There are 2 protein chains.
Amino acid sequence: MEPHEPDLTAVPVTSVLAALADDVRLQIVRALAEGGEAACGSLDFGVSKATRSHHLKVLREAGLTRTRAAGTSRLVRLRRDEVDKLYPGLLDAVLTPRSPA
Amino acid sequence: MEPHEPDLTAVPVTSVLAALADDVRLQIVRALAEGGEAACGSLDFGVSKATRSHHLKVLREAGLTRTRAAGTSRLVRLRRDEVDKLYPGLLDAVLTPRSPA
DNA sequence: GGTTTTGTTCGATCATTGTCGAACAAGGGT
DNA sequence: ACCCTTGTTCGACAATGATCGAACAAAACC
């Protein structure tokens with residue numbers, strides 16, 4: 001089945017924000033912003049692979065990431081340009097890790 | 001009882017995003033951004049006053065708004081400067097109403 | 001003092017969502 | 001062919017959250 005990667009303009013703002021409003025997903029997004037394309041398996045943040053797959057699906061369906069198959073792996077990357085264009089400042093504002101949790 | 005308005009730096013980013021990731025609250029924030037200070041009662045978006053009070057509490061505890069008493073009313077205002085300073089671009093990116101819902 | 005206005009809080013309900021283990025699917029290697 | 005690796009999907013469960021009506025609180029006004 002195709003991964004269902006919607007056009008960002010078709011995703012409600014609240015869905016984009018909700019996708020970013022989770023600690024695990026925020027760590028994933030930060031990792032992608034720093035490291036570029038990454039295999040799903042490399043994005044381990046203390047949750048099971050089922051949960052990780054769920055989070056990646058949320059990010060994908062929010063229009064924030066793209067996924068492509070590569071062997072048995074799947075490579076995920078941040079749709080930075082598109083997000084920055086539609087929501088200028090959003091990623092920059094959110095990506096910087098802040099001290100107080 | 002004091003309204004509990006935390007320092008923005010003490011609020012996790014995910015809480016700020018979660019506060020904005022709701023349609024009703026986003027409408028409230030937009031109204032406040034446009035109209036400045038507003039009474040709670042003027043922020044009617046089709047929900048009961050109990051629900052509205054709940055949403056205003058979420059926004060307040062996310063560090064996004066301040067509330068002050070004025071007679072029997074309570075006036076709410078957006079903490080725009082502080083939010084813009086800590087999360088530059090966030091409100092601008094989110095406040096603009098977009099077509100696709 | 002009583003009534004009206006304006007919000008908050010409480011309890012309940014219902015939907016959403018984060019989480020996991022287990023089962024499944026697909027590709028690569030041997 | 002077999003197995004291993006990598007992810008996804010499927011229930012299930014627990015926690016969170018949005019919603020409401022009703023009860024409560026506080027100030028203003030008569």
# chains A, B, ... in the order shown; residues from 1 in each chain; ligands from 1
>>> residues_around(residues="D:DA26", least_positions_apart="5", cutoff="10 Å", atoms="only C-alpha atoms (C1' of nucleotides)", output="ChimeraX atom specification")
/B:71-72 /C:6-7
>>> write_last_selection(atoms="N, CA and C atoms (P, O5', C5', C4', C3', O3' and C1' of nucleotides)", output="compact mmCIF listing (two decimals), in the first residue's frame")
# COMPACT_ATOMS: atom_id res chain seq x y z
N GLY B 71 -14.49 43.27 37.09
CA GLY B 71 -15.90 43.15 37.44
C GLY B 71 -16.27 41.68 37.50
N THR B 72 -17.39 41.36 36.93
CA THR B 72 -17.79 39.95 36.92
C THR B 72 -17.14 39.22 35.76
P DT C 6 -23.11 38.86 31.17
O5' DT C 6 -21.88 38.13 31.86
C5' DT C 6 -20.98 38.90 32.66
C4' DT C 6 -19.94 38.00 33.27
C3' DT C 6 -19.38 36.94 32.32
O3' DT C 6 -17.97 37.03 32.30
C1' DT C 6 -20.06 35.95 34.35
P DG C 7 -17.15 36.40 31.06
O5' DG C 7 -16.26 35.30 31.78
C5' DG C 7 -16.90 34.40 32.61
C4' DG C 7 -15.98 33.92 33.71
C3' DG C 7 -15.24 32.64 33.32
O3' DG C 7 -13.98 32.56 33.98
C1' DG C 7 -16.92 32.18 34.96
>>> residues_around(residues="B:Ser73", least_positions_apart="3", cutoff="12 Å", atoms="only C-alpha atoms (C1' of nucleotides)", output="list of chain:residue names")
B:Glu37, B:Ala38, B:Ala39, B:Cys40, B:Gly41, B:Ser42, B:Thr67, B:Arg68, B:Ala69, B:Ala70, B:Val76, C:DT5, C:DT6, C:DG7, C:DT8, D:DA26, D:DA27, D:DA28
>>> closest_atom_pairs(of="chain D", to="chain B", cutoff="12 Å", atoms="only C-alpha atoms (C1' of nucleotides)", output="Markdown table")
| residue | atom | partner | partner_atom | distance |
| --- | --- | --- | --- | --- |
| D:DT16 | C1' | B:Ala18 | CA | 11.9 |
| D:DG17 | C1' | B:His54 | CA | 10.5 |
| D:DA18 | C1' | B:Thr51 | CA | 7.7 |
| D:DT19 | C1' | B:Thr51 | CA | 6.4 |
| D:DC20 | C1' | B:Ser48 | CA | 7.2 |
| D:DG21 | C1' | B:Ala50 | CA | 9.1 |
| D:DA22 | C1' | B:Ala50 | CA | 10.6 |
| D:DA25 | C1' | B:Thr72 | CA | 10.8 |
| D:DA26 | C1' | B:Thr72 | CA | 7.2 |
| D:DA27 | C1' | B:Thr72 | CA | 5.0 |
| D:DA28 | C1' | B:Thr72 | CA | 7.1 |
| D:DC29 | C1' | B:Thr72 | CA | 11.5 |
>>> select_by_dssp(residues="chain B", states="alpha helix (DSSP H)", output="PyMOL selection string")
chain B and resi 13-20+23-35+49-61+80-86+90-95
>>> closest_residue(among="C:DT19, C:DC24, C:DG1, C:DT30", to="chain A", atoms="only C-alpha atoms (C1' of nucleotides)")
C:DT19
>>> interface_residues(of="chain C", to="chain A", cutoff="10 Å", atoms="only C-alpha atoms (C1' of nucleotides)", output="list in words")
DG18, DT19, DC20, DG21, DA26, DG27 and DG28 of chain C
>>> closest_atom_pairs(of="chain A", to="chain B", cutoff="12 Å", atoms="only C-alpha atoms", output="CSV")
residue,atom,partner,partner_atom,distance
A:Asp7,CA,B:Pro100,CA,10.8
A:Leu8,CA,B:Pro100,CA,9.9
A:Thr9,CA,B:Pro100,CA,6.7
A:Ala10,CA,B:Pro100,CA,5.7
A:Val11,CA,B:Pro100,CA,7.1
A:Pro12,CA,B:Ala101,CA,5.5
A:Val13,CA,B:Val94,CA,7.1
A:Thr14,CA,B:Ala21,CA,4.4
A:Ser15,CA,B:Ala21,CA,6.8
A:Val16,CA,B:Ala21,CA,7.8
A:Leu17,CA,B:Ala21,CA,5.1
A:Ala18,CA,B:Ala21,CA,5.1
A:Ala19,CA,B:Ala21,CA,8.7
A:Leu20,CA,B:Leu17,CA,6.9
A:Ala21,CA,B:Thr14,CA,4.4
A:Asp22,CA,B:Thr14,CA,5.7
A:Asp23,CA,B:Thr14,CA,6.5
A:Val24,CA,B:Thr14,CA,10.0
A:Arg25,CA,B:Thr14,CA,9.9
A:Leu26,CA,B:Thr14,CA,8.1
A:Gln27,CA,B:Thr14,CA,10.9
A:Val83,CA,B:Ala93,CA,10.1
A:Asp84,CA,B:Ala93,CA,9.2
A:Lys85,CA,B:Ala93,CA,9.8
A:Leu86,CA,B:Ala93,CA,7.8
A:Tyr87,CA,B:Ala93,CA,4.7
A:Pro88,CA,B:Ala93,CA,5.7
A:Gly89,CA,B:Gly89,CA,4.2
A:Leu90,CA,B:Leu90,CA,4.9
A:Leu91,CA,B:Leu90,CA,8.3
A:Asp92,CA,B:Gly89,CA,7.9
A:Ala93,CA,B:Tyr87,CA,4.7
A:Val94,CA,B:Tyr87,CA,7.1
A:Leu95,CA,B:Val13,CA,9.5
A:Thr96,CA,B:Tyr87,CA,9.4
A:Pro97,CA,B:Val13,CA,8.9
A:Arg98,CA,B:Val13,CA,8.0
A:Ser99,CA,B:Thr9,CA,8.3
A:Pro100,CA,B:Ala10,CA,5.6
A:Ala101,CA,B:Pro12,CA,5.5
>>> atom_distance(atom1="atom C1' of D:DG7", atom2="atom CA of A:Arg66")
15.2 Å
>>> atom_distance(atom1="atom CA of B:Asp44", atom2="atom CA of B:Leu64")
18.5 Å
>>> select_by_dssp(residues="chain A", states="strand (DSSP E)", output="count of residues only")
14
>>> atom_distance(atom1="atom CA of B:Glu34", atom2="atom CA of B:Glu82")
16.7 Å
